[in-house]
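Data from coords-v3.cif: mmCIF, C-alpha atoms and all ligand atoms
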```
data_target
#
loop_
_atom_site.label_atom_id
_atom_site.label_comp_id
_atom_site.auth_asym_id
_atom_site.auth_seq_id
_atom_site.Cartn_x
_atom_site.Cartn_y
_atom_site.Cartn_z
CA GLY Q 1 13.85 -23.90 198.20
CA ALA Q 2 13.13 -25.40 194.78
CA ALA Q 3 13.11 -28.90 196.24
CA VAL Q 4 9.73 -28.26 197.80
CA HIS Q 5 8.08 -28.24 194.43
CA ASP Q 6 9.61 -31.51 193.39
CA HIS Q 7 7.81 -33.52 196.04
CA GLY Q 8 4.94 -35.14 194.27
CA GLY Q 9 2.84 -37.23 196.57
CA GLN Q 10 1.07 -36.82 199.85
CA GLY Q 11 3.42 -35.90 202.67
CA GLY Q 12 5.61 -33.79 200.47
CA ALA Q 13 7.99 -33.14 203.34
CA GLY Q 14 8.87 -36.83 203.62
CA GLY Q 15 12.59 -36.18 203.37
CA ALA Q 16 12.81 -33.92 206.40
CA GLY Q 17 15.11 -35.44 209.06
CA SER Q 18 13.43 -36.27 212.34
CA VAL Q 19 9.87 -35.63 211.21
CA SER Q 20 7.87 -38.87 210.99
CA VAL Q 21 4.94 -39.84 208.82
CA THR Q 22 2.53 -39.62 211.79
CA ASP Q 23 3.81 -36.11 212.49
CA LEU Q 24 2.64 -35.14 209.03
CA THR Q 25 -0.62 -37.04 208.83
CA GLY Q 26 -1.73 -36.72 212.44
CA PRO Q 27 -2.99 -39.52 214.67
CA ALA Q 28 -5.24 -42.20 213.21
CA LEU Q 29 -8.80 -40.93 213.52
CA GLY Q 30 -11.91 -43.06 213.92
CA ALA Q 31 -15.21 -42.69 212.13
CA PRO Q 32 -15.95 -39.09 211.23
CA ASP Q 33 -18.52 -37.11 213.24
CA LYS Q 34 -19.32 -35.03 210.15
CA ARG Q 35 -18.98 -35.64 206.44
CA PHE Q 36 -19.04 -32.99 203.72
CA GLU Q 37 -18.64 -33.06 199.98
CA LEU Q 38 -17.33 -30.14 197.94
CA VAL Q 39 -17.76 -30.46 194.20
CA ALA Q 40 -15.81 -27.95 192.10
CA ASP Q 41 -17.42 -27.14 188.78
CA GLU Q 42 -17.81 -24.36 186.24
CA LYS Q 43 -20.94 -22.28 186.67
CA LYS Q 44 -22.12 -18.93 185.37
CA ILE Q 45 -23.27 -16.83 188.32
CA LYS Q 46 -25.48 -13.74 188.29
CA LEU Q 47 -24.82 -11.09 190.91
CA ALA Q 48 -27.72 -9.06 192.34
CA SER Q 49 -27.13 -6.30 189.80
CA GLY Q 50 -27.40 -8.78 186.96
CA ALA Q 51 -23.64 -8.75 186.27
CA GLU Q 52 -22.38 -12.17 185.23
CA VAL Q 53 -19.33 -14.01 186.47
CA ASP Q 54 -17.77 -16.96 184.68
CA ALA Q 55 -17.46 -18.59 188.04
CA TRP Q 56 -16.02 -21.80 189.34
CA ALA Q 57 -18.12 -22.81 192.31
CA PHE Q 58 -18.25 -25.44 195.03
CA ASN Q 59 -21.60 -27.26 194.94
CA GLY Q 60 -22.92 -24.74 192.43
CA GLN Q 61 -23.07 -21.87 194.91
CA ILE Q 62 -21.16 -18.68 195.66
CA PRO Q 63 -19.74 -18.61 198.21
CA GLY Q 64 -19.44 -22.38 198.64
CA PRO Q 65 -21.53 -24.01 201.36
CA GLU Q 66 -20.85 -22.98 204.94
CA LEU Q 67 -19.21 -25.94 206.66
CA ARG Q 68 -20.37 -25.88 210.27
CA MET Q 69 -18.89 -28.23 212.82
CA THR Q 70 -18.31 -28.54 216.55
CA GLN Q 71 -15.01 -28.34 218.37
CA GLY Q 72 -13.56 -31.83 218.72
CA ASP Q 73 -15.35 -33.21 215.65
CA VAL Q 74 -13.51 -35.52 213.31
CA VAL Q 75 -14.49 -34.24 209.88
CA GLU Q 76 -14.14 -35.87 206.52
CA ILE Q 77 -14.39 -33.62 203.49
CA THR Q 78 -14.37 -35.14 200.04
CA VAL Q 79 -13.32 -32.74 197.31
CA VAL Q 80 -14.53 -33.78 193.88
CA ASN Q 81 -13.10 -32.07 190.82
CA LYS Q 82 -15.57 -31.67 187.95
CA LEU Q 83 -13.73 -28.81 186.27
CA ASP Q 84 -13.05 -29.43 182.60
CA HIS Q 85 -9.32 -28.88 182.54
CA ASP Q 86 -7.93 -27.63 185.83
CA PRO Q 87 -6.62 -29.50 188.85
CA VAL Q 88 -7.68 -28.29 192.34
CA ALA Q 89 -6.60 -28.63 195.97
CA VAL Q 90 -8.41 -27.18 198.97
CA HIS Q 91 -6.77 -25.39 201.90
CA TRP Q 92 -8.53 -24.92 205.26
CA HIS Q 93 -7.44 -21.40 205.96
CA GLY Q 94 -6.72 -20.76 209.63
CA LEU Q 95 -7.08 -24.37 210.76
CA ASP Q 96 -3.84 -25.84 212.06
CA VAL Q 97 -4.39 -29.29 210.53
CA PRO Q 98 -1.65 -31.94 210.14
CA ASN Q 99 0.61 -31.09 207.22
CA ALA Q 100 -0.68 -33.75 204.83
CA MET Q 101 -4.22 -32.29 205.11
CA ASP Q 102 -3.21 -28.69 204.40
CA GLY Q 103 -4.24 -28.76 200.76
CA VAL Q 104 -1.24 -27.07 199.16
CA ALA Q 105 -0.71 -28.61 195.76
CA GLY Q 106 2.94 -29.31 195.10
CA VAL Q 107 3.86 -29.18 198.78
CA THR Q 108 1.49 -31.34 200.84
CA GLN Q 109 -0.32 -33.26 198.10
CA ASP Q 110 -0.73 -33.63 194.37
CA ALA Q 111 -3.46 -31.46 192.93
CA VAL Q 112 -6.69 -33.34 192.19
CA ALA Q 113 -7.02 -33.83 188.45
CA PRO Q 114 -10.33 -33.26 186.65
CA GLY Q 115 -12.53 -36.29 187.31
CA GLY Q 116 -10.63 -37.09 190.51
CA LYS Q 117 -11.27 -36.68 194.20
CA PHE Q 118 -9.36 -36.33 197.45
CA VAL Q 119 -10.54 -37.09 200.97
CA TYR Q 120 -9.41 -34.71 203.70
CA LYS Q 121 -9.79 -35.88 207.27
CA PHE Q 122 -8.82 -34.13 210.47
CA ARG Q 123 -10.03 -33.25 213.93
CA VAL Q 124 -11.02 -29.65 214.58
CA ASP Q 125 -9.64 -28.52 217.91
CA GLU Q 126 -9.96 -24.78 217.44
CA VAL Q 127 -13.20 -22.78 217.48
CA GLY Q 128 -14.25 -19.83 215.36
CA THR Q 129 -14.54 -18.48 211.85
CA ARG Q 130 -12.25 -20.07 209.27
CA TRP Q 131 -12.64 -20.46 205.52
CA TYR Q 132 -11.60 -22.77 202.75
CA HIS Q 133 -10.36 -22.05 199.28
CA SER Q 134 -8.57 -23.62 196.38
CA HIS Q 135 -4.81 -23.55 196.75
CA GLN Q 136 -3.96 -24.47 193.18
CA ALA Q 137 -3.40 -21.59 190.77
CA ALA Q 138 -5.11 -19.57 193.51
CA SER Q 139 -4.86 -16.23 191.75
CA GLU Q 140 -7.28 -17.59 189.18
CA GLN Q 141 -9.26 -20.20 191.13
CA VAL Q 142 -10.07 -18.13 194.22
CA ALA Q 143 -10.88 -15.10 192.07
CA ARG Q 144 -13.35 -17.28 190.15
CA GLY Q 145 -15.13 -18.40 193.31
CA LEU Q 146 -13.60 -21.57 194.71
CA PHE Q 147 -14.01 -20.61 198.37
CA GLY Q 148 -16.48 -20.78 201.23
CA PRO Q 149 -16.89 -20.13 204.96
CA MET Q 150 -16.18 -22.63 207.71
CA VAL Q 151 -17.41 -22.23 211.29
CA ILE Q 152 -16.35 -24.30 214.28
CA GLU Q 153 -18.76 -23.89 217.15
CA PRO Q 154 -17.64 -24.40 220.73
CA ARG Q 155 -18.92 -27.52 222.50
CA THR Q 156 -21.20 -25.35 224.64
CA PRO Q 157 -22.79 -23.14 222.02
CA VAL Q 158 -22.90 -19.41 222.65
CA THR Q 159 -24.65 -18.76 219.37
CA ALA Q 160 -26.37 -15.48 218.64
CA ALA Q 161 -29.96 -15.69 217.37
CA GLN Q 162 -28.68 -14.66 213.94
CA ASP Q 163 -25.24 -16.04 213.18
CA VAL Q 164 -24.36 -15.15 209.62
CA SER Q 165 -21.22 -15.72 207.54
CA VAL Q 166 -20.62 -12.95 205.02
CA VAL Q 167 -17.91 -13.51 202.43
CA LEU Q 168 -16.61 -10.50 200.56
CA GLN Q 169 -15.10 -10.79 197.10
CA ASP Q 170 -13.92 -8.63 194.22
CA TRP Q 171 -15.51 -10.18 191.15
CA ALA Q 172 -14.35 -9.91 187.57
CA THR Q 173 -17.71 -9.65 185.81
CA ASP Q 174 -18.88 -9.01 182.28
CA ARG Q 175 -19.38 -5.40 183.43
CA GLY Q 176 -15.95 -4.99 185.02
CA LYS Q 177 -14.70 -5.41 188.57
CA VAL Q 178 -17.25 -5.19 191.39
CA THR Q 179 -17.28 -5.81 195.13
CA ALA Q 180 -19.94 -8.06 196.56
CA PHE Q 181 -20.91 -9.67 199.82
CA GLY Q 182 -21.55 -13.13 198.43
CA THR Q 183 -23.48 -12.30 195.25
CA ALA Q 184 -24.90 -9.03 196.62
CA ASP Q 185 -23.16 -6.24 194.71
CA GLN Q 186 -26.02 -3.87 195.56
CA LEU Q 187 -27.50 -3.02 198.93
CA ASP Q 188 -29.05 -6.25 200.16
CA ARG Q 189 -31.91 -5.52 202.59
CA ARG Q 190 -32.93 -8.13 205.12
CA ALA Q 191 -35.63 -8.09 207.79
CA LEU Q 192 -34.57 -8.62 211.41
CA PRO Q 193 -36.74 -7.75 214.42
CA ALA Q 194 -35.46 -5.18 216.94
CA GLY Q 195 -33.75 -6.87 219.88
CA THR Q 196 -32.25 -9.70 217.82
CA GLN Q 197 -28.69 -10.65 218.79
CA VAL Q 198 -26.60 -10.71 215.61
CA ARG Q 199 -23.15 -12.10 214.93
CA LEU Q 200 -21.65 -11.36 211.53
CA ARG Q 201 -18.69 -13.45 210.50
CA LEU Q 202 -16.94 -11.36 207.87
CA VAL Q 203 -14.49 -13.17 205.61
CA ASN Q 204 -12.40 -11.21 203.11
CA ALA Q 205 -11.87 -13.59 200.20
CA ALA Q 206 -10.63 -10.78 197.95
CA ASN Q 207 -6.96 -10.13 197.20
CA THR Q 208 -7.14 -6.60 198.52
CA THR Q 209 -7.73 -4.84 201.83
CA HIS Q 210 -11.29 -3.56 202.25
CA ASP Q 211 -12.43 -0.74 204.50
CA LEU Q 212 -15.73 -1.83 205.97
CA ALA Q 213 -18.01 -0.14 208.48
CA VAL Q 214 -20.81 -1.22 210.77
CA LEU Q 215 -23.30 1.62 211.07
CA GLY Q 216 -26.48 2.22 213.01
CA ALA Q 217 -25.85 0.30 216.22
CA PRO Q 218 -23.14 -0.03 218.85
CA PHE Q 219 -21.11 -3.16 218.10
CA ARG Q 220 -18.18 -5.15 219.37
CA ILE Q 221 -15.44 -6.93 217.44
CA VAL Q 222 -15.61 -10.25 219.25
CA ALA Q 223 -13.06 -12.27 217.28
CA LEU Q 224 -10.29 -11.81 214.72
CA ASP Q 225 -9.23 -14.70 212.50
CA GLY Q 226 -11.60 -16.84 214.55
CA THR Q 227 -9.93 -16.24 217.90
CA ASP Q 228 -11.97 -14.45 220.56
CA LEU Q 229 -10.61 -11.07 221.59
CA HIS Q 230 -10.05 -10.36 225.26
CA GLY Q 231 -12.50 -7.83 226.69
CA PRO Q 232 -13.65 -6.12 223.48
CA THR Q 233 -15.20 -2.72 224.13
CA GLU Q 234 -18.23 -1.23 222.41
CA LEU Q 235 -17.70 0.80 219.24
CA ARG Q 236 -19.94 3.00 217.15
CA ASP Q 237 -19.70 4.18 213.53
CA ARG Q 238 -16.15 3.05 212.96
CA LYS Q 239 -14.12 1.87 210.00
CA LEU Q 240 -12.74 -1.67 210.02
CA VAL Q 241 -9.65 -2.27 207.93
CA VAL Q 242 -9.96 -5.88 206.79
CA GLY Q 243 -6.98 -7.41 205.02
CA SER Q 244 -7.18 -10.20 202.49
CA ALA Q 245 -8.03 -13.55 204.11
CA SER Q 246 -8.78 -11.96 207.50
CA ARG Q 247 -11.94 -12.72 209.39
CA VAL Q 248 -13.68 -10.22 211.64
CA ASP Q 249 -16.58 -11.32 213.83
CA VAL Q 250 -18.82 -8.50 215.02
CA GLU Q 251 -21.81 -8.64 217.32
CA PHE Q 252 -24.61 -6.18 217.86
CA THR Q 253 -28.22 -6.06 219.00
CA MET Q 254 -30.77 -4.94 216.42
CA PRO Q 255 -32.06 -1.46 217.32
CA ALA Q 256 -35.45 -0.12 216.18
CA GLY Q 257 -33.82 1.34 213.06
CA PRO Q 258 -31.53 -0.09 210.37
CA VAL Q 259 -27.98 -1.40 210.73
CA ARG Q 260 -25.71 -1.34 207.73
CA LEU Q 261 -22.58 -3.27 206.83
CA ALA Q 262 -20.88 -1.04 204.28
CA ASP Q 263 -17.84 -1.28 202.05
CA LEU Q 264 -16.41 2.25 201.99
CA GLY Q 265 -14.72 1.60 198.64
CA ASP Q 266 -18.01 0.59 197.02
CA PRO Q 267 -20.83 2.39 198.84
CA GLY Q 268 -23.43 0.88 196.52
CA SER Q 269 -22.95 -2.60 197.94
CA GLY Q 270 -23.44 -3.92 201.44
CA LEU Q 271 -26.02 -5.43 203.75
CA LEU Q 272 -28.81 -3.56 205.48
CA PHE Q 273 -30.77 -5.10 208.33
CA SER Q 274 -33.95 -3.46 209.56
CA PRO Q 275 -37.10 -4.60 211.33
CA ASP Q 276 -39.20 -4.35 208.15
CA GLY Q 277 -36.43 -5.09 205.66
CA GLN Q 278 -36.71 -1.54 204.30
CA GLY Q 279 -34.98 1.78 204.82
CA ASP Q 280 -31.50 3.09 204.24
CA LEU Q 281 -28.59 4.47 206.19
CA LYS Q 282 -26.10 7.08 204.98
CA ILE Q 283 -22.39 6.44 205.30
CA PRO Q 284 -20.91 9.32 207.33
CA ASP Q 285 -17.72 10.99 206.08
CA GLY Q 286 -14.38 10.65 207.80
CA LEU Q 287 -14.99 7.53 209.88
CA ASP Q 288 -12.11 6.74 212.24
CA ALA Q 289 -10.51 3.35 211.81
CA VAL Q 290 -10.42 0.95 214.73
CA ASP Q 291 -6.82 0.37 215.78
CA VAL Q 292 -7.09 -3.39 216.27
CA TYR Q 293 -3.57 -3.49 217.72
CA SER Q 294 -4.81 -1.69 220.82
CA TYR Q 295 -8.46 -2.67 220.81
CA GLY Q 296 -8.61 -5.66 223.16
CA THR Q 297 -8.24 -5.34 226.93
CA PRO Q 298 -4.61 -6.27 227.68
CA THR Q 299 -3.96 -9.60 229.34
CA SER Q 300 -0.98 -11.86 229.88
CA THR Q 301 0.42 -13.94 227.02
CA PRO Q 302 2.83 -16.91 226.96
CA PHE Q 303 5.50 -14.74 225.33
CA GLY Q 304 6.11 -11.16 224.23
CA PRO Q 305 8.61 -9.06 222.27
CA ASP Q 306 11.21 -9.37 225.04
CA SER Q 307 11.07 -13.16 225.31
CA HIS Q 308 14.00 -15.28 224.20
CA PHE Q 309 13.36 -16.44 220.64
CA ASP Q 310 15.15 -19.51 219.31
CA ARG Q 311 15.00 -18.15 215.76
CA THR Q 312 14.36 -14.77 214.22
CA TYR Q 313 13.67 -14.26 210.53
CA LYS Q 314 13.42 -10.88 208.91
CA MET Q 315 11.55 -10.35 205.67
CA VAL Q 316 11.75 -7.15 203.67
CA PHE Q 317 9.04 -6.84 201.03
CA ASP Q 318 9.46 -4.84 197.89
CA GLY Q 319 7.78 -4.92 194.52
CA GLY Q 320 8.99 -3.83 191.12
CA LEU Q 321 10.87 -4.98 188.09
CA GLY Q 322 13.46 -7.68 188.51
CA PHE Q 323 14.64 -11.02 187.24
CA TYR Q 324 11.69 -13.39 187.31
CA ASN Q 325 10.53 -16.42 185.33
CA GLY Q 326 13.55 -16.25 183.06
CA GLY Q 327 13.28 -12.58 182.18
CA PHE Q 328 12.97 -9.02 183.37
CA ALA Q 329 9.47 -8.79 184.81
CA LEU Q 330 7.22 -7.44 187.54
CA ARG Q 331 7.75 -9.34 190.76
CA GLN Q 332 7.03 -9.14 194.49
CA ALA Q 333 10.22 -9.92 196.35
CA ILE Q 334 11.14 -11.04 199.84
CA ASN Q 335 14.67 -9.95 200.81
CA GLY Q 336 15.32 -9.30 197.14
CA ALA Q 337 14.41 -12.85 196.09
CA VAL Q 338 11.35 -14.51 194.65
CA PHE Q 339 10.01 -18.05 194.93
CA PRO Q 340 11.65 -20.57 194.66
CA ASP Q 341 14.82 -18.68 195.53
CA VAL Q 342 13.64 -17.36 198.90
CA PRO Q 343 15.47 -19.47 201.51
CA MET Q 344 13.24 -21.68 203.67
CA GLN Q 345 12.81 -20.66 207.28
CA MET Q 346 14.13 -23.67 209.16
CA VAL Q 347 12.78 -24.44 212.62
CA THR Q 348 12.98 -27.26 215.13
CA GLU Q 349 9.89 -28.53 216.89
CA GLY Q 350 9.40 -26.57 220.12
CA ASP Q 351 11.22 -23.44 218.91
CA LEU Q 352 9.86 -20.03 219.69
CA VAL Q 353 10.11 -18.21 216.38
CA ARG Q 354 9.97 -14.51 215.63
CA LEU Q 355 9.15 -13.21 212.16
CA LYS Q 356 9.74 -9.59 211.36
CA PHE Q 357 7.83 -8.23 208.34
CA ILE Q 358 9.03 -4.96 206.81
CA ASN Q 359 7.07 -3.45 203.93
CA ARG Q 360 9.18 -1.16 201.75
CA GLY Q 361 6.75 -1.43 198.83
CA GLU Q 362 3.65 0.50 197.96
CA GLU Q 363 1.00 -2.18 198.39
CA ASP Q 364 -0.47 -4.07 201.33
CA HIS Q 365 0.97 -7.50 201.97
CA PRO Q 366 -1.39 -9.72 203.96
CA MET Q 367 1.07 -12.27 205.32
CA HIS Q 368 -0.31 -15.71 206.04
CA ILE Q 369 1.47 -18.60 207.73
CA HIS Q 370 0.04 -22.06 207.25
CA GLY Q 371 -0.36 -24.52 210.11
CA HIS Q 372 0.27 -22.06 212.94
CA HIS Q 373 -1.26 -19.12 214.73
CA PHE Q 374 0.98 -16.26 215.69
CA LEU Q 375 0.83 -13.54 218.30
CA VAL Q 376 1.39 -10.01 217.02
CA LEU Q 377 4.34 -8.76 219.09
CA SER Q 378 4.88 -5.24 217.85
CA HIS Q 379 3.60 -2.77 215.30
CA ASN Q 380 6.01 -0.04 214.14
CA GLY Q 381 8.14 -0.55 217.21
CA LYS Q 382 5.30 -0.45 219.72
CA ASP Q 383 4.70 -3.49 221.92
CA VAL Q 384 1.14 -4.62 221.15
CA SER Q 385 1.44 -8.16 222.47
CA GLY Q 386 -0.89 -7.49 225.38
CA SER Q 387 -3.94 -6.91 223.18
CA PRO Q 388 -3.53 -9.87 222.38
CA LEU Q 389 -4.02 -10.68 218.70
CA TRP Q 390 -3.62 -14.33 217.70
CA LEU Q 391 -3.88 -14.34 213.93
CA ASP Q 392 -3.14 -16.48 210.92
CA THR Q 393 -2.89 -13.53 208.52
CA VAL Q 394 -1.67 -10.01 209.26
CA VAL Q 395 -1.84 -7.20 206.77
CA VAL Q 396 1.47 -5.35 206.57
CA ARG Q 397 0.75 -1.92 205.12
CA PRO Q 398 3.24 0.18 203.14
CA GLY Q 399 5.97 1.46 205.48
CA ASP Q 400 4.88 -0.83 208.31
CA ILE Q 401 7.05 -3.08 210.44
CA VAL Q 402 5.15 -5.90 212.12
CA GLU Q 403 6.72 -8.54 214.34
CA VAL Q 404 4.92 -11.77 215.15
CA GLY Q 405 5.85 -14.75 217.30
CA LEU Q 406 4.85 -18.39 217.07
CA ARG Q 407 5.59 -21.69 218.74
CA ALA Q 408 6.79 -24.31 216.24
CA ASP Q 409 4.39 -27.09 217.24
CA ASN Q 410 3.10 -28.55 213.97
CA PRO Q 411 5.80 -30.37 211.97
CA GLY Q 412 5.91 -30.25 208.20
CA VAL Q 413 6.69 -27.92 205.35
CA TRP Q 414 4.29 -24.97 205.50
CA MET Q 415 3.62 -22.26 203.04
CA ASP Q 416 4.21 -18.76 204.29
CA HIS Q 417 3.10 -16.18 201.75
CA CYS Q 418 1.40 -12.96 200.82
CA HIS Q 419 -2.34 -13.66 200.55
CA ASN Q 420 -2.81 -11.24 197.70
CA PHE Q 421 -2.71 -14.14 195.27
CA ASP Q 422 -1.57 -11.83 192.50
CA HIS Q 423 1.54 -11.25 194.64
CA THR Q 424 1.82 -14.96 195.42
CA LYS Q 425 1.98 -15.48 191.70
CA LEU Q 426 4.67 -12.81 191.40
CA GLY Q 427 6.94 -14.73 193.76
CA MET Q 428 6.02 -13.62 197.28
CA VAL Q 429 6.17 -17.12 198.75
CA MET Q 430 8.34 -18.75 201.40
CA HIS Q 431 8.16 -21.93 203.38
CA LEU Q 432 8.56 -22.67 207.04
CA ALA Q 433 10.18 -26.09 207.34
CA TYR Q 434 10.92 -28.32 210.31
CA ALA Q 435 14.40 -29.82 210.46
CU1 LIG Q 501 -5.59 -18.86 202.50
CU2 LIG Q 501 -1.92 -20.24 201.46
O1 LIG Q 501 -3.78 -19.55 201.99
CU CU Q 502 1.59 -8.90 198.80
#
```

Mind turning the file's structure into structure tokens?
Amino acid sequence: GAAVHDHGGQGGAGGAGSVSVTDLTGPALGAPDKRFELVADEKKIKLASGAEVDAWAFNGQIPGPELRMTQGDVVEITVVNKLDHDPVAVHWHGLDVPNAMDGVAGVTQDAVAPGGKFVYKFRVDEVGTRWYHSHQAASEQVARGLFGPMVIEPRTPVTAAQDVSVVLQDWATDRGKVTAFGTADQLDRRALPAGTQVRLRLVNAANTTHDLAVLGAPFRIVALDGTDLHGPTELRDRKLVVGSASRVDVEFTMPAGPVRLADLGDPGSGLLFSPDGQGDLKIPDGLDAVDVYSYGTPTSTPFGPDSHFDRTYKMVFDGGLGFYNGGFALRQAINGAVFPDVPMQMVTEGDLVRLKFINRGEEDHPMHIHGHHFLVLSHNGKDVSGSPLWLDTVVVRPGDIVEVGLRADNPGVWMDHCHNFDHTKLGMVMHLAYA
């Protein structure tokens, strides 16, 4: 496992047997259809309440600029590092890009030193809500603000009249920790006429799971992690459990009264839409959570829990004191080991791979696999593959057993880790590697 960190340059997996350089960099691409520039720099940010964050921001804004593109576009994104002392690298979370473009410092590229830049280039074949964030010292850099939303529209747009990305973050401010949607840590009221079709693209950039709610209008969850759900039914006044790094797209039609997006853990913050930009909406007690595992209308999938899997890997998560970083320390372990001692999960291109996540700890572990989407096969022993949920991050709650399946179709060495970056830092990191 340790070898992964020793690879310096681009294409860190260069030593891997049958995998070629083109496998890792993707096909040669022509002139880009879209160009973006993301400049990382220090910037003091004021939240709506006046609380200040010693932020690090892309292009001086929090969240960073929304990168909007169209399916099939070749995009070129230049990341410029203007931070005083810290190197950066940017990961396109939920986009299955070629390995060399994945933005994981120490694995797929060298981090970009202060004063330097790196040009990412890839074609976007998937549609939906993704996001980008620093993947260098992420527990500090993402917490400080180096993230932003990314939306890939389908070739034939189906856009709602109001299509809004909303990025949620826990900020460390001069007044303590607060939750905010962007920089709104207080109720942010916006005017929207009755009858308007609204799509909210919720991105949880925080390390922790947030219980959100959409109140005041019937709504549908139309996509999870950017992938459209099959036959989503209408919901009303329900709690949405949103794990770290997950995206939830909801749609509703503006009624005559207000609609509120609330964070149940911080009722003072949130967004309120109403025809005159005024009003309020109480959060009812005891909202039922949506069981996303059984929310979609079942349909057939290319594989399920009973399929033949070429490889199965089981990961038991547990936190606590153990041997870490040369001493007895707090750590978050996988099968009793911490990075870099967690064995790599070896796969061969074409394999159908099953990963079984078992949480024996007391905290949520939002498990994210780079470079691949997986189908959730089962949840606590129940077959949920029909829903179907194609995700890039699944939150495994204390006591939960979640099985996911994926097709190994994107060669390289891919990070596979808990997306609570505080846990990442405490060792909860593996890699999926192609032989
Ligand atoms: Cu959001 Cu390793 O990534
Ligand atoms: Cu974790």

For a cut-off of 6 Å around (7.1, -24.8, 202.4), file coordinates, pick out all residues using all atoms listed in the file and list them as a short mmCIF file (atom, residue, chain, number, x, y, z; two decimals) with C-alpha atoms, in the coordinates of the input.
```
data_model
loop_
_atom_site.label_atom_id
_atom_site.label_comp_id
_atom_site.auth_asym_id
_atom_site.auth_seq_id
_atom_site.Cartn_x
_atom_site.Cartn_y
_atom_site.Cartn_z
CA VAL Q 413 6.69 -27.92 205.35
CA TRP Q 414 4.29 -24.97 205.50
CA MET Q 415 3.62 -22.26 203.04
CA HIS Q 431 8.16 -21.93 203.38
CA LEU Q 432 8.56 -22.67 207.04
CA ALA Q 433 10.18 -26.09 207.34
#
```

Using all atoms listed in the file, I'd like a table of the residues in chain Q that come within 9 Å of ligand CU 502 (chain Q); for each, show the closest atom pair and its distance in Å rounded to one decimal, ordered by chain and ascending number, as CSV.
```
residue,atom,partner,partner_atom,distance
Q:Asn207,CA,Q:CU502,CU,8.8
Q:Phe317,CA,Q:CU502,CU,8.0
Q:Asp318,CA,Q:CU502,CU,8.9
Q:Gly319,CA,Q:CU502,CU,8.5
Q:Gln332,CA,Q:CU502,CU,6.9
Q:Glu363,CA,Q:CU502,CU,6.8
Q:Asp364,CA,Q:CU502,CU,5.8
Q:His365,CA,Q:CU502,CU,3.5
Q:Pro366,CA,Q:CU502,CU,6.0
Q:Met367,CA,Q:CU502,CU,7.4
Q:Val395,CA,Q:CU502,CU,8.8
Q:Val396,CA,Q:CU502,CU,8.5
Q:His417,CA,Q:CU502,CU,8.0
Q:Cys418,CA,Q:CU502,CU,4.5
Q:His419,CA,Q:CU502,CU,6.4
Q:Asn420,CA,Q:CU502,CU,5.1
Q:Phe421,CA,Q:CU502,CU,7.6
Q:Asp422,CA,Q:CU502,CU,7.6
Q:His423,CA,Q:CU502,CU,4.8
Q:Thr424,CA,Q:CU502,CU,6.9
Q:Leu426,CA,Q:CU502,CU,8.9
Q:Met428,CA,Q:CU502,CU,6.6
```

Which residues are close to Leu389 in chain Q, i.e. within 10 Å by all atoms listed in the file, leaving aside same-chain residues fewer than 4 positions away? Reply as a list of chain:residue names.
Q:Ala223, Q:Leu224, Q:Asp225, Q:Thr227, Q:Asp228, Q:Leu229, Q:His230, Q:Val292, Q:Tyr293, Q:Ser294, Q:Tyr295, Q:Gly296, Q:Thr301, Q:His373, Q:Phe374, Q:Leu375, Q:Val376, Q:Leu377, Q:Val384, Q:Ser385, Q:Val394, Q:Val404

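Taking CA of Arg68 in chain Q as the reference point, CA of Thr173 in chain Q is found at 29.5 Å.
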
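Atom pair CA of Arg175 in chain Q / CA of Val53 in chain Q has a distance of 9.1 Å (rounded to one decimal).
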
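You will find CA of Thr70 in chain Q at 11.7 Å from CA of Thr129 in chain Q.
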
Quick one: residues within 9 Å of Arg201 in chain Q, only C-alpha atoms counted, chain neighbours fewer than 6 positions away excluded, as a PyMOL selection string?
chain Q and resi 129+149+151+163-167+223+226+247-251

Got a minute to add N, CA and C atoms to range 230-237 of chain Q and dump it as an mmCIF file, keeping the file's coordinate frame?
```cif
data_model
loop_
_atom_site.group_PDB
_atom_site.id
_atom_site.type_symbol
_atom_site.label_atom_id
_atom_site.label_comp_id
_atom_site.auth_asym_id
_atom_site.auth_seq_id
_atom_site.Cartn_x
_atom_site.Cartn_y
_atom_site.Cartn_z
ATOM 1 N N HIS Q 230 -9.898 -10.477 223.816
ATOM 2 C CA HIS Q 230 -10.050 -10.360 225.260
ATOM 3 C C HIS Q 230 -10.683 -9.010 225.605
ATOM 4 N N GLY Q 231 -11.839 -9.055 226.213
ATOM 5 C CA GLY Q 231 -12.500 -7.830 226.690
ATOM 6 C C GLY Q 231 -12.750 -6.781 225.632
ATOM 7 N N PRO Q 232 -13.405 -7.130 224.520
ATOM 8 C CA PRO Q 232 -13.650 -6.120 223.480
ATOM 9 C C PRO Q 232 -14.646 -5.063 223.947
ATOM 10 N N THR Q 233 -14.314 -3.805 223.689
ATOM 11 C CA THR Q 233 -15.200 -2.720 224.130
ATOM 12 C C THR Q 233 -16.173 -2.359 223.017
ATOM 13 N N GLU Q 234 -17.195 -1.582 223.377
ATOM 14 C CA GLU Q 234 -18.230 -1.230 222.410
ATOM 15 C C GLU Q 234 -17.763 -0.093 221.506
ATOM 16 N N LEU Q 235 -18.086 -0.203 220.232
ATOM 17 C CA LEU Q 235 -17.700 0.800 219.240
ATOM 18 C C LEU Q 235 -18.959 1.314 218.562
ATOM 19 N N ARG Q 236 -18.821 2.465 217.895
ATOM 20 C CA ARG Q 236 -19.940 3.000 217.150
ATOM 21 C C ARG Q 236 -19.442 3.726 215.916
ATOM 22 N N ASP Q 237 -20.065 3.498 214.771
ATOM 23 C CA ASP Q 237 -19.700 4.180 213.530
ATOM 24 C C ASP Q 237 -18.192 4.231 213.302
#
```
